[in-house]
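Data block below; observations after.
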Amino acid sequence: MTDKVFDADGHIIEKDRELLDYFDPPYRGKEQLLSASFFPTLDGWHRQATGIGDGRQGRESDDDDAVSWLRLMDRTGIEQTVLYPTGGLGEGLIKDADWAVALCRAYNNYLYENYIKVSPRIHAMALLPMQDAEEAVKELRRGVKELKMLGGVIAPVGLPFPAGHPNYHPIYAEAEKLDCVVAVHGAPAAGLGFDFFTKLIQARALSHPFSQIIHLTNIVFEGVLEKYPKLRILSLEAGASWVPFLMDRLDLEWDKRGKRQAPLLKKKPSEYLKGGQLFFNCDVKEHIIPTVVSMVGEDHLFYASDYPHERDQEETIGFLRSREDLSERTKEKILYQNAKKFYRSN
Amino acid sequence: MKTTYPIIDADGHVLEKDSELHDFLEGRYRGMPRFETYGYFPSLDGWHRGSSVPGKDQETPAPRWVEFLDELGIQMSVLYPTAGLALGLSQDYEWACAVAHAYNSWVYEKFTRQSPRLKAVALLPVQEPVEAARELRRAKELGLVAGLLPAVTTLHKGYGHHDFDPIFQEAERLDMPLAIHGAPSRGMGFDFFDKFIQVHTLEHPFAILIQFTNMVFEGLFERFPRLRVVFLEAGSGWIPYMMDRMDEEFEKPQRRQAPLLKKKPSEYIRSGQVWTTCEVEEKALPQVIRQFNPRCLMWPSDYPHERLPDMFKRDIPEFLARTDLSDEEKRLILYENPKEFYGLEI
């Protein structure tokens with residue numbers, strides 16, 4: 001078994017002051033922009049304040065720069081990583097489409113200059129301004145063609161339409177044409193039915209799975225995967241053991257009313273979930289990974305570090321390697337081969 | 001295939017009729033003219049559910065229910081409301097208490113008194129917890145077998161909140177189990193779906209998961225160690241996922257946010273206090289049995305909802321034909337567990 005690891009989902013923590021220089025006019029360098037955070041706050045939760053209250057160890061302020069990333073990768077055997085935003089996961093909450101386009105462009109420029117250019121081991125995904133689908137298509141193309149990005153990330157929470165809505169289909173068509181992946185990444189916990197929770201631990205238990213389940217339900221039933229048979233979509237940060245549940249549930253509904261309400265589907269919804277177009281990040285400690293492997297397939301799961309949000313990579317990678325209920329081949333695929341393949345990374 | 005044990009349906013439904021409920025209203029609503037334009041219960045949401053399908057049972061009074069039991073070879077069913085599942089949306093607390101009271105009198109008179117094979121649960125006006133506790137006590141006297149807490153409410157708090165303690169205290173004292181049942185689909189992050197198939201995929205699981213997360217992390221099962229709660233109509237495949245996800249959240253320093261827990265969330269979940277129903281075709285069921293608790297799963301018919309009468313007839317044979325479950329596991333799910341949970345004499 002190879003000891004290499006491909007990290008399919010790492011993060012940077014954007015700083016508005018640094019992004020300021022990467023805008024196009026008229027926003028570039030405009031100090032007054034700094035009076036409010038560029039990306040909307042994810043929701044009402046101040047995650048860092050809760051973390052301090054919990055007694056979590058504080059992080060060093062620059063531990064997400066390229067040098068720190070490479071240091072972490074060397075230490076843990078991560079050969080390559082693909083970086084995603086932190087504040088940028090609130091993109092879907094932006095109202096002003098012009099601002100969304102400008103900000104996504106600035107973010108993508110920033111990633112290119114400060115990470116992608118630094119090392120061939122560090123990749124990134126283009127943040128897509130979903131408020132303007134035409135611009136999102138352009139930005140995806142620019143990201144992949146000019147900025148050497150591996151695909152586009154949709155931060156869907158807050159958008160007026162679900163991710164499978166026909167408005168967004170040109171983005172999937174473009175991704176198919178470019179042969180790049182599209183990732184769906186939640187994070188905001190607002191508007192998902194549990195705004196009355198007063199403890200972050202409860203909101204965190206549900207925010208990622210709910211946003212994945214909502215948007216994948218829509219993507220599958222709207223026939224996006226049938227319409228774009230070469231499209232590859234990544235589901236991030238929700239684990240994978242909900243996938244068998246969703247497979248059964250979608251099939252059950254499809255049996256009852258699929259013909260009329262999901263007319264584009266040519267096979268059972270579960271067939272699309274395991275059909276090689278959807279890929280799911282799995283948490284190393286999920287008990288039912290063997291069941292997920294047997295139902296979804298060992299080629300469709302992958303490891304993600306979630307660094308620097310999580311800082312226990314040595315432990316988690318070691319834990320997955322030591323699991324006796326998974327074959328060596330399956331572990332190698334989860335830790336390395338699958339992500340390398342669907343990202344089309346060398 | 002005939003079983004050597006009687007089969008119990010843990011979740012069937014009645015179709016309420018306002019014209020009949022009218023006669024069971026008490027207090028200031030007694031004899032008040034009924035305004036037919038609006039129903040007694042709030043509508044579930046904006047979805048039109050009022051037109052049925054030809055061939056589907058439109059009326060299911062007690063004699064039809066008993067006939068259905070015979071058709072399927074079932075001994076007994078535990079009946080839940082249909083329109084009454086929206087009781088939690090009622091913002092008129094006095095009316096919520098009055099209509100719940102009337103419903104319970106009605107279901108007793110029209111169903112449970114008509115046949116010893118029909119049992120029912122009491123609808124609880126959770127808007128007024130003290131009144132709900134009183135209604136639960138009355139339900140016990142009427143021979144109803146559990147209390148129903150609507151999963152979706154407009155109360156801006158989950159059932160883990162201390163305001164609801166009177167209900168749980170009374171349930172423990174009476175040794176009455178409680179049931180959480182969703183149905184309304186609004187306000188859980190997918191109001192933008194425009195096809196019912198997508199809505200129905202998520203409306204039950206999301207409502208259940210929100211209450212479940214809140215109840216477990218707020219220490220409800222620690223505070224009320226003899227309480228038993230069933231989470232309905234979401235299948236069972238979500239349980240292994242939530243066990244892992246909640247343990248993962250709880251492992252970190254943020255366990256500060258669940259101070260009442262004395263053990264891991266998964267240990268409460270499989271302690272015998274948390275129950276659920278399973279769909280006959282859920283592929284992950286063997287895994288659920290291994291990781292959760294084979295003594296806490298039950299089979300629901302869901303009659304007369306969703307399907308044509310003939311389709312219900314396939315459920316039991318299909319379930320009994322499964323080769324990935326033992327005969328003993330099937331017997332628990334079809335007979336022993338519901339008997340135990342609802343305290344049925346059979």
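Quick note on naming: the chains in the structure tokens go A, B, ... in the order shown, residues restart at 1 in each chain, and ligands are numbered from 1 in order of appearance.
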
Any idea which chain A residues end up within 8 Å of chain B if we count only C-alpha atoms, as a PDB file with N, CA and C atoms, in the first residue's frame please?
```
ATOM      1  N   GLY A  51     -15.369  28.602  20.079  1.00  0.00           N
ATOM      2  CA  GLY A  51     -14.164  27.782  20.246  1.00  0.00           C
ATOM      3  C   GLY A  51     -13.352  28.212  21.454  1.00  0.00           C
ATOM      4  N   ASP A  54     -15.013  27.110  24.462  1.00  0.00           N
ATOM      5  CA  ASP A  54     -14.849  25.669  24.653  1.00  0.00           C
ATOM      6  C   ASP A  54     -13.463  25.318  25.171  1.00  0.00           C
ATOM      7  N   GLY A  55     -12.550  26.301  25.158  1.00  0.00           N
ATOM      8  CA  GLY A  55     -11.189  26.028  25.593  1.00  0.00           C
ATOM      9  C   GLY A  55     -10.346  25.395  24.509  1.00  0.00           C
ATOM     10  N   ARG A  56     -10.736  25.588  23.255  1.00  0.00           N
ATOM     11  CA  ARG A  56      -9.935  25.054  22.142  1.00  0.00           C
ATOM     12  C   ARG A  56      -8.624  25.794  22.065  1.00  0.00           C
ATOM     13  N   PRO A 160     -31.143  31.591  -3.934  1.00  0.00           N
ATOM     14  CA  PRO A 160     -32.596  31.537  -4.090  1.00  0.00           C
ATOM     15  C   PRO A 160     -33.093  30.257  -4.761  1.00  0.00           C
ATOM     16  N   PHE A 161     -32.208  29.524  -5.419  1.00  0.00           N
ATOM     17  CA  PHE A 161     -32.617  28.283  -6.080  1.00  0.00           C
ATOM     18  C   PHE A 161     -31.710  27.141  -5.635  1.00  0.00           C
ATOM     19  N   PRO A 162     -32.242  25.920  -5.656  1.00  0.00           N
ATOM     20  CA  PRO A 162     -31.384  24.776  -5.330  1.00  0.00           C
ATOM     21  C   PRO A 162     -30.381  24.506  -6.446  1.00  0.00           C
ATOM     22  N   GLY A 191     -31.312  29.148   8.240  1.00  0.00           N
ATOM     23  CA  GLY A 191     -32.381  28.875   7.285  1.00  0.00           C
ATOM     24  C   GLY A 191     -32.583  27.416   6.958  1.00  0.00           C
ATOM     25  N   LEU A 192     -32.064  26.539   7.803  1.00  0.00           N
ATOM     26  CA  LEU A 192     -32.200  25.107   7.549  1.00  0.00           C
ATOM     27  C   LEU A 192     -33.158  24.443   8.530  1.00  0.00           C
ATOM     28  N   GLY A 193     -33.920  25.262   9.246  1.00  0.00           N
ATOM     29  CA  GLY A 193     -34.938  24.677  10.116  1.00  0.00           C
ATOM     30  C   GLY A 193     -34.538  24.547  11.567  1.00  0.00           C
ATOM     31  N   PHE A 194     -33.271  24.932  11.888  1.00  0.00           N
ATOM     32  CA  PHE A 194     -32.880  24.812  13.294  1.00  0.00           C
ATOM     33  C   PHE A 194     -32.273  26.114  13.811  1.00  0.00           C
ATOM     34  N   ASP A 195     -32.825  27.205  13.348  1.00  0.00           N
ATOM     35  CA  ASP A 195     -32.347  28.505  13.819  1.00  0.00           C
ATOM     36  C   ASP A 195     -32.592  28.701  15.313  1.00  0.00           C
ATOM     37  N   PHE A 196     -33.455  27.875  15.889  1.00  0.00           N
ATOM     38  CA  PHE A 196     -33.733  28.012  17.328  1.00  0.00           C
ATOM     39  C   PHE A 196     -32.696  27.314  18.207  1.00  0.00           C
ATOM     40  N   PHE A 197     -31.769  26.556  17.612  1.00  0.00           N
ATOM     41  CA  PHE A 197     -30.706  25.947  18.434  1.00  0.00           C
ATOM     42  C   PHE A 197     -29.880  27.061  19.071  1.00  0.00           C
ATOM     43  N   LYS A 199     -26.960  26.180  20.803  1.00  0.00           N
ATOM     44  CA  LYS A 199     -25.605  25.648  20.999  1.00  0.00           C
ATOM     45  C   LYS A 199     -25.046  25.234  19.643  1.00  0.00           C
ATOM     46  N   LEU A 200     -23.818  25.680  19.391  1.00  0.00           N
ATOM     47  CA  LEU A 200     -23.204  25.416  18.084  1.00  0.00           C
ATOM     48  C   LEU A 200     -23.031  23.916  17.816  1.00  0.00           C
ATOM     49  N   ILE A 201     -22.819  23.136  18.874  1.00  0.00           N
ATOM     50  CA  ILE A 201     -22.614  21.691  18.683  1.00  0.00           C
ATOM     51  C   ILE A 201     -23.822  21.069  17.978  1.00  0.00           C
ATOM     52  N   GLN A 202     -25.005  21.582  18.262  1.00  0.00           N
ATOM     53  CA  GLN A 202     -26.218  21.055  17.624  1.00  0.00           C
ATOM     54  C   GLN A 202     -26.291  21.514  16.169  1.00  0.00           C
ATOM     55  N   ARG A 204     -23.799  22.368  14.261  1.00  0.00           N
ATOM     56  CA  ARG A 204     -22.740  21.731  13.483  1.00  0.00           C
ATOM     57  C   ARG A 204     -23.072  20.286  13.130  1.00  0.00           C
ATOM     58  N   ALA A 205     -23.838  19.635  13.996  1.00  0.00           N
ATOM     59  CA  ALA A 205     -24.202  18.246  13.702  1.00  0.00           C
ATOM     60  C   ALA A 205     -25.050  18.164  12.439  1.00  0.00           C
ATOM     61  N   LEU A 206     -25.771  19.228  12.111  1.00  0.00           N
ATOM     62  CA  LEU A 206     -26.729  19.160  11.001  1.00  0.00           C
ATOM     63  C   LEU A 206     -26.423  20.059   9.809  1.00  0.00           C
ATOM     64  N   PHE A 210     -27.398  18.631   6.077  1.00  0.00           N
ATOM     65  CA  PHE A 210     -28.643  19.174   5.527  1.00  0.00           C
ATOM     66  C   PHE A 210     -28.391  19.857   4.185  1.00  0.00           C
ATOM     67  N   SER A 211     -27.319  20.663   4.098  1.00  0.00           N
ATOM     68  CA  SER A 211     -27.119  21.355   2.824  1.00  0.00           C
ATOM     69  C   SER A 211     -26.750  20.360   1.724  1.00  0.00           C
ATOM     70  N   ILE A 214     -30.084  18.437   0.742  1.00  0.00           N
ATOM     71  CA  ILE A 214     -31.015  19.290  -0.009  1.00  0.00           C
ATOM     72  C   ILE A 214     -30.552  19.415  -1.462  1.00  0.00           C
ATOM     73  N   THR A 217     -30.363  16.013  -3.489  1.00  0.00           N
ATOM     74  CA  THR A 217     -31.724  15.561  -3.818  1.00  0.00           C
ATOM     75  C   THR A 217     -32.200  16.283  -5.065  1.00  0.00           C
ATOM     76  N   ASN A 218     -31.972  17.578  -5.084  1.00  0.00           N
ATOM     77  CA  ASN A 218     -32.405  18.385  -6.218  1.00  0.00           C
ATOM     78  C   ASN A 218     -31.605  18.060  -7.483  1.00  0.00           C
ATOM     79  N   PHE A 221     -32.817  14.517  -8.745  1.00  0.00           N
ATOM     80  CA  PHE A 221     -34.182  14.462  -9.287  1.00  0.00           C
ATOM     81  C   PHE A 221     -34.387  15.399 -10.479  1.00  0.00           C
ATOM     82  N   SER A 241     -21.927   8.422   5.606  1.00  0.00           N
ATOM     83  CA  SER A 241     -22.820   7.332   6.034  1.00  0.00           C
ATOM     84  C   SER A 241     -24.291   7.703   5.910  1.00  0.00           C
ATOM     85  N   TRP A 242     -24.567   8.925   5.512  1.00  0.00           N
ATOM     86  CA  TRP A 242     -25.952   9.274   5.187  1.00  0.00           C
ATOM     87  C   TRP A 242     -26.302   8.860   3.749  1.00  0.00           C
ATOM     88  N   PRO A 244     -26.208   5.870   2.076  1.00  0.00           N
ATOM     89  CA  PRO A 244     -27.139   4.741   1.937  1.00  0.00           C
ATOM     90  C   PRO A 244     -28.571   5.128   2.305  1.00  0.00           C
ATOM     91  N   PHE A 245     -28.712   5.932   3.346  1.00  0.00           N
ATOM     92  CA  PHE A 245     -30.036   6.401   3.760  1.00  0.00           C
ATOM     93  C   PHE A 245     -30.713   7.173   2.634  1.00  0.00           C
ATOM     94  N   ASP A 248     -31.865   4.918  -0.340  1.00  0.00           N
ATOM     95  CA  ASP A 248     -33.135   4.233  -0.094  1.00  0.00           C
ATOM     96  C   ASP A 248     -34.309   5.188  -0.168  1.00  0.00           C
ATOM     97  N   ARG A 249     -34.114   6.349   0.413  1.00  0.00           N
ATOM     98  CA  ARG A 249     -35.217   7.308   0.496  1.00  0.00           C
ATOM     99  C   ARG A 249     -35.588   7.840  -0.897  1.00  0.00           C
ATOM    100  N   LEU A 250     -34.587   8.157  -1.697  1.00  0.00           N
ATOM    101  CA  LEU A 250     -34.854   8.662  -3.051  1.00  0.00           C
ATOM    102  C   LEU A 250     -35.545   7.582  -3.892  1.00  0.00           C
ATOM    103  N   GLU A 253     -39.216   7.299  -2.961  1.00  0.00           N
ATOM    104  CA  GLU A 253     -40.018   8.390  -3.525  1.00  0.00           C
ATOM    105  C   GLU A 253     -40.176   8.223  -5.027  1.00  0.00           C
ATOM    106  N   TRP A 254     -39.115   7.788  -5.658  1.00  0.00           N
ATOM    107  CA  TRP A 254     -39.141   7.637  -7.105  1.00  0.00           C
ATOM    108  C   TRP A 254     -40.145   6.560  -7.515  1.00  0.00           C
ATOM    109  N   LYS A 256     -42.835   5.942  -6.020  1.00  0.00           N
ATOM    110  CA  LYS A 256     -44.193   6.455  -5.824  1.00  0.00           C
ATOM    111  C   LYS A 256     -44.582   7.507  -6.851  1.00  0.00           C
ATOM    112  N   ARG A 257     -43.676   8.406  -7.185  1.00  0.00           N
ATOM    113  CA  ARG A 257     -44.078   9.524  -8.031  1.00  0.00           C
ATOM    114  C   ARG A 257     -42.977  10.024  -8.965  1.00  0.00           C
ATOM    115  N   GLY A 258     -42.027   9.173  -9.250  1.00  0.00           N
ATOM    116  CA  GLY A 258     -40.877   9.616 -10.035  1.00  0.00           C
ATOM    117  C   GLY A 258     -41.186   9.899 -11.496  1.00  0.00           C
ATOM    118  N   GLN A 261     -42.657  13.424 -11.735  1.00  0.00           N
ATOM    119  CA  GLN A 261     -41.977  14.538 -11.077  1.00  0.00           C
ATOM    120  C   GLN A 261     -40.453  14.526 -11.258  1.00  0.00           C
ATOM    121  N   ALA A 262     -39.943  13.452 -11.801  1.00  0.00           N
ATOM    122  CA  ALA A 262     -38.494  13.414 -12.096  1.00  0.00           C
ATOM    123  C   ALA A 262     -38.332  12.766 -13.465  1.00  0.00           C
ATOM    124  N   LYS A 285     -13.808   7.971  11.149  1.00  0.00           N
ATOM    125  CA  LYS A 285     -14.371   7.179  12.238  1.00  0.00           C
ATOM    126  C   LYS A 285     -15.777   6.658  11.960  1.00  0.00           C
ATOM    127  N   GLU A 286     -16.322   6.955  10.811  1.00  0.00           N
ATOM    128  CA  GLU A 286     -17.673   6.473  10.531  1.00  0.00           C
ATOM    129  C   GLU A 286     -17.703   4.944  10.555  1.00  0.00           C
ATOM    130  N   HIS A 287     -18.557   4.404  11.404  1.00  0.00           N
ATOM    131  CA  HIS A 287     -18.620   2.951  11.546  1.00  0.00           C
ATOM    132  C   HIS A 287     -19.033   2.258  10.254  1.00  0.00           C
ATOM    133  N   ILE A 288     -19.929   2.894   9.511  1.00  0.00           N
ATOM    134  CA  ILE A 288     -20.538   2.142   8.415  1.00  0.00           C
ATOM    135  C   ILE A 288     -19.841   2.350   7.067  1.00  0.00           C
ATOM    136  N   THR A 291     -20.300  -0.591   4.872  1.00  0.00           N
ATOM    137  CA  THR A 291     -21.629  -0.633   4.244  1.00  0.00           C
ATOM    138  C   THR A 291     -21.699   0.372   3.098  1.00  0.00           C
TER     139      THR A 291
END
```

For Pro184 (chain B), please output as a ChimeraX atom specification all residues within 10 Å (counting only C-alpha atoms; exclusion window: fewer than 3 positions along the same chain). /B:42-47,83,85-89,150-153,181,187-188,199-200,203-204,207

Could the residues in this selection be written to a file with N, CA, C and O atoms, as a short mmCIF file (atom, residue, chain, number, x, y, z; two decimals), in the first residue's frame?
```cif
data_model
loop_
_atom_site.label_atom_id
_atom_site.label_comp_id
_atom_site.auth_asym_id
_atom_site.auth_seq_id
_atom_site.Cartn_x
_atom_site.Cartn_y
_atom_site.Cartn_z
N PRO B 42 -54.19 23.56 11.11
CA PRO B 42 -53.50 24.40 10.12
C PRO B 42 -53.12 23.52 8.92
O PRO B 42 -52.87 22.33 9.10
N SER B 43 -53.06 24.08 7.72
CA SER B 43 -52.60 23.27 6.60
C SER B 43 -51.11 22.98 6.81
O SER B 43 -50.41 23.77 7.45
N LEU B 44 -50.62 21.86 6.29
CA LEU B 44 -49.24 21.46 6.56
C LEU B 44 -48.26 22.51 6.04
O LEU B 44 -47.26 22.82 6.67
N ASP B 45 -48.54 23.00 4.83
CA ASP B 45 -47.63 23.94 4.16
C ASP B 45 -48.32 24.37 2.89
O ASP B 45 -49.53 24.22 2.75
N GLY B 46 -47.59 24.87 1.92
CA GLY B 46 -48.23 25.34 0.70
C GLY B 46 -48.56 24.24 -0.30
O GLY B 46 -49.13 24.52 -1.35
N TRP B 47 -48.17 23.01 -0.01
CA TRP B 47 -48.38 21.92 -0.98
C TRP B 47 -49.80 21.45 -0.98
O TRP B 47 -50.38 21.20 0.07
N ALA B 83 -54.11 15.22 9.27
CA ALA B 83 -54.13 16.68 9.37
C ALA B 83 -53.58 17.14 10.72
O ALA B 83 -52.93 18.18 10.82
N LEU B 85 -51.13 16.28 12.27
CA LEU B 85 -49.67 16.37 12.33
C LEU B 85 -49.20 17.82 12.23
O LEU B 85 -48.05 18.13 12.49
N ALA B 86 -50.12 18.71 11.84
CA ALA B 86 -49.78 20.14 11.74
C ALA B 86 -50.13 20.91 13.01
O ALA B 86 -50.01 22.13 13.04
N LEU B 87 -50.54 20.20 14.04
CA LEU B 87 -50.97 20.91 15.26
C LEU B 87 -49.91 21.88 15.78
O LEU B 87 -50.23 22.94 16.31
N GLY B 88 -48.64 21.53 15.62
CA GLY B 88 -47.56 22.37 16.13
C GLY B 88 -47.49 23.74 15.48
O GLY B 88 -46.83 24.64 15.98
N LEU B 89 -48.16 23.90 14.35
CA LEU B 89 -48.13 25.19 13.66
C LEU B 89 -49.19 26.15 14.20
O LEU B 89 -49.20 27.32 13.84
N PRO B 150 -45.77 16.87 17.76
CA PRO B 150 -45.52 17.21 16.35
C PRO B 150 -44.07 17.69 16.19
O PRO B 150 -43.61 18.53 16.96
N ALA B 151 -43.38 17.16 15.18
CA ALA B 151 -41.96 17.50 15.01
C ALA B 151 -41.77 18.94 14.58
O ALA B 151 -40.77 19.57 14.91
N VAL B 152 -42.71 19.47 13.80
CA VAL B 152 -42.57 20.84 13.32
C VAL B 152 -43.51 21.74 14.11
O VAL B 152 -44.71 21.49 14.18
N THR B 153 -42.94 22.77 14.72
CA THR B 153 -43.75 23.71 15.49
C THR B 153 -43.32 25.13 15.15
O THR B 153 -42.32 25.33 14.48
N HIS B 181 -43.38 12.99 15.22
CA HIS B 181 -43.84 12.73 13.85
C HIS B 181 -43.91 14.06 13.10
O HIS B 181 -44.58 14.99 13.54
N GLY B 187 -39.77 25.84 6.07
CA GLY B 187 -38.78 26.42 6.98
C GLY B 187 -37.61 25.52 7.32
O GLY B 187 -36.95 25.72 8.31
N MET B 188 -37.36 24.50 6.48
CA MET B 188 -36.22 23.64 6.76
C MET B 188 -35.18 23.69 5.65
O MET B 188 -34.40 22.76 5.48
N VAL B 199 -39.62 17.42 -2.01
CA VAL B 199 -40.07 17.84 -0.68
C VAL B 199 -40.32 16.62 0.21
O VAL B 199 -39.88 16.56 1.36
N HIS B 200 -41.00 15.63 -0.34
CA HIS B 200 -41.36 14.48 0.49
C HIS B 200 -40.15 13.63 0.85
O HIS B 200 -40.15 12.92 1.84
N GLU B 203 -38.97 16.06 4.01
CA GLU B 203 -39.77 16.70 5.06
C GLU B 203 -39.78 15.90 6.37
O GLU B 203 -39.71 16.49 7.44
N HIS B 204 -39.86 14.59 6.27
CA HIS B 204 -39.85 13.79 7.51
C HIS B 204 -38.46 13.71 8.14
O HIS B 204 -38.30 14.03 9.32
N ALA B 207 -37.20 17.13 9.81
CA ALA B 207 -37.93 17.51 11.03
C ALA B 207 -37.53 16.61 12.20
O ALA B 207 -37.33 17.08 13.32
#
```

Could you find all residues in region 65-292 of chain A that DSSP calls strand (DSSP E or B) from the backbone, and write them as a list in words?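 Of region 65-292 of chain A, only Ile78, Glu79, Gln80, Thr81, Val82, Leu83, Tyr84, Ile122, His123, Ala124, Ala126, Leu127, Gly151, Gly152, Val153, Ile154, Val181, Val182, Ala183, Val184, Arg232, Ile233, Leu234, Ser235, Leu278, Phe279, Phe280 and Asn281 of chain A fall in strand (DSSP E or B).
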
Prev. selection, N, CA, C and O atoms, output as a short mmCIF file (atom, residue, chain, number, x, y, z; two decimals), in the first residue's frame:
```cif
data_model
loop_
_atom_site.label_atom_id
_atom_site.label_comp_id
_atom_site.auth_asym_id
_atom_site.auth_seq_id
_atom_site.Cartn_x
_atom_site.Cartn_y
_atom_site.Cartn_z
N ILE A 78 0.90 13.99 3.17
CA ILE A 78 -0.06 14.45 2.16
C ILE A 78 0.73 14.91 0.94
O ILE A 78 1.49 15.87 1.01
N GLU A 79 0.53 14.22 -0.16
CA GLU A 79 1.28 14.56 -1.37
C GLU A 79 0.74 15.83 -2.01
O GLU A 79 1.49 16.72 -2.42
N GLN A 80 -0.59 15.90 -2.11
CA GLN A 80 -1.23 17.06 -2.74
C GLN A 80 -2.47 17.44 -1.94
O GLN A 80 -3.10 16.58 -1.32
N THR A 81 -2.82 18.70 -2.02
CA THR A 81 -4.05 19.15 -1.36
C THR A 81 -4.82 20.06 -2.30
O THR A 81 -4.24 20.65 -3.23
N VAL A 82 -6.11 20.17 -2.07
CA VAL A 82 -6.95 21.07 -2.84
C VAL A 82 -7.62 22.03 -1.85
O VAL A 82 -8.32 21.59 -0.94
N LEU A 83 -7.38 23.31 -2.05
CA LEU A 83 -7.81 24.28 -1.06
C LEU A 83 -9.17 24.89 -1.38
O LEU A 83 -9.50 25.19 -2.53
N TYR A 84 -9.90 25.09 -0.32
CA TYR A 84 -11.24 25.68 -0.37
C TYR A 84 -11.27 26.88 0.57
O TYR A 84 -10.44 27.01 1.46
N ILE A 122 0.06 22.14 -4.30
CA ILE A 122 -1.10 22.85 -3.74
C ILE A 122 -2.03 23.26 -4.87
O ILE A 122 -1.65 23.98 -5.78
N HIS A 123 -3.25 22.76 -4.82
CA HIS A 123 -4.26 23.09 -5.82
C HIS A 123 -5.37 23.91 -5.17
O HIS A 123 -5.43 24.05 -3.95
N ALA A 124 -6.26 24.40 -6.02
CA ALA A 124 -7.41 25.12 -5.46
C ALA A 124 -8.58 25.01 -6.41
O ALA A 124 -8.45 24.57 -7.55
N ALA A 126 -11.99 27.13 -8.00
CA ALA A 126 -12.50 28.48 -8.24
C ALA A 126 -13.83 28.67 -7.52
O ALA A 126 -14.75 27.86 -7.68
N LEU A 127 -13.91 29.71 -6.74
CA LEU A 127 -15.17 30.04 -6.08
C LEU A 127 -16.09 30.68 -7.13
O LEU A 127 -15.69 31.63 -7.81
N GLY A 151 -11.29 22.96 -10.66
CA GLY A 151 -12.74 22.97 -10.85
C GLY A 151 -13.34 24.16 -10.15
O GLY A 151 -12.64 25.12 -9.83
N GLY A 152 -14.64 24.07 -9.91
CA GLY A 152 -15.33 25.18 -9.25
C GLY A 152 -16.04 24.71 -8.00
O GLY A 152 -16.47 23.56 -7.93
N VAL A 153 -16.14 25.60 -7.01
CA VAL A 153 -16.88 25.26 -5.80
C VAL A 153 -18.14 26.12 -5.70
O VAL A 153 -18.09 27.34 -5.91
N ILE A 154 -19.24 25.44 -5.43
CA ILE A 154 -20.52 26.12 -5.21
C ILE A 154 -20.78 26.12 -3.72
O ILE A 154 -20.78 25.06 -3.08
N VAL A 181 -14.05 19.11 -12.03
CA VAL A 181 -15.08 18.78 -11.02
C VAL A 181 -15.80 20.04 -10.54
O VAL A 181 -15.29 21.16 -10.63
N VAL A 182 -17.01 19.80 -10.02
CA VAL A 182 -17.75 20.85 -9.30
C VAL A 182 -17.95 20.32 -7.88
O VAL A 182 -18.38 19.18 -7.70
N ALA A 183 -17.61 21.15 -6.89
CA ALA A 183 -17.79 20.73 -5.50
C ALA A 183 -18.94 21.51 -4.87
O ALA A 183 -19.12 22.69 -5.16
N VAL A 184 -19.70 20.82 -4.05
CA VAL A 184 -20.77 21.48 -3.29
C VAL A 184 -20.30 21.50 -1.84
O VAL A 184 -20.01 20.46 -1.26
N ARG A 232 -18.75 15.49 -12.94
CA ARG A 232 -18.36 14.90 -11.66
C ARG A 232 -18.60 15.93 -10.55
O ARG A 232 -18.14 17.07 -10.66
N ILE A 233 -19.32 15.50 -9.51
CA ILE A 233 -19.67 16.40 -8.42
C ILE A 233 -19.15 15.84 -7.09
O ILE A 233 -19.30 14.65 -6.81
N LEU A 234 -18.57 16.72 -6.29
CA LEU A 234 -18.05 16.32 -4.98
C LEU A 234 -18.96 16.83 -3.88
O LEU A 234 -19.39 17.97 -3.89
N SER A 235 -19.21 15.96 -2.92
CA SER A 235 -19.97 16.33 -1.73
C SER A 235 -18.99 16.42 -0.57
O SER A 235 -18.33 15.43 -0.23
N LEU A 278 -20.81 11.07 -8.63
CA LEU A 278 -20.84 11.71 -7.32
C LEU A 278 -19.78 11.08 -6.42
O LEU A 278 -19.61 9.86 -6.42
N PHE A 279 -19.10 11.93 -5.67
CA PHE A 279 -18.02 11.48 -4.79
C PHE A 279 -18.23 12.09 -3.41
O PHE A 279 -18.58 13.27 -3.29
N PHE A 280 -18.00 11.28 -2.38
CA PHE A 280 -18.34 11.70 -1.03
C PHE A 280 -17.13 11.63 -0.13
O PHE A 280 -16.43 10.61 -0.09
N ASN A 281 -16.93 12.68 0.62
CA ASN A 281 -15.87 12.71 1.61
C ASN A 281 -16.32 11.84 2.79
O ASN A 281 -17.46 11.94 3.23
#
```

Could you jot down the CA of Pro81 (chain B) to CA of Asp163 (chain B) separation for me, Å, one decimal place?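 Between CA of Pro81 (chain B) and CA of Asp163 (chain B) the gap is 24.5 Å.
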
Distance query Gly147 (chain B) at most 7 Å, only C-alpha atoms, self and fewer than 3 positions along chain excluded, as number ranges by chain: B: 121-124, 136, 177-179

Next, write the just-selected residues to a file, as a compact mmCIF listing (two decimals), in the first residue's frame, keeping C-alpha atoms as the atom set.
```txt
# COMPACT_ATOMS: atom_id res chain seq x y z
CA VAL B 121 -51.86 7.79 20.13
CA ALA B 122 -52.97 11.04 21.71
CA LEU B 123 -52.27 14.34 20.03
CA LEU B 124 -50.59 16.65 22.55
CA LEU B 136 -51.49 12.61 28.19
CA PRO B 177 -44.06 6.38 25.38
CA LEU B 178 -43.92 9.46 23.18
CA ALA B 179 -43.71 9.80 19.42
```
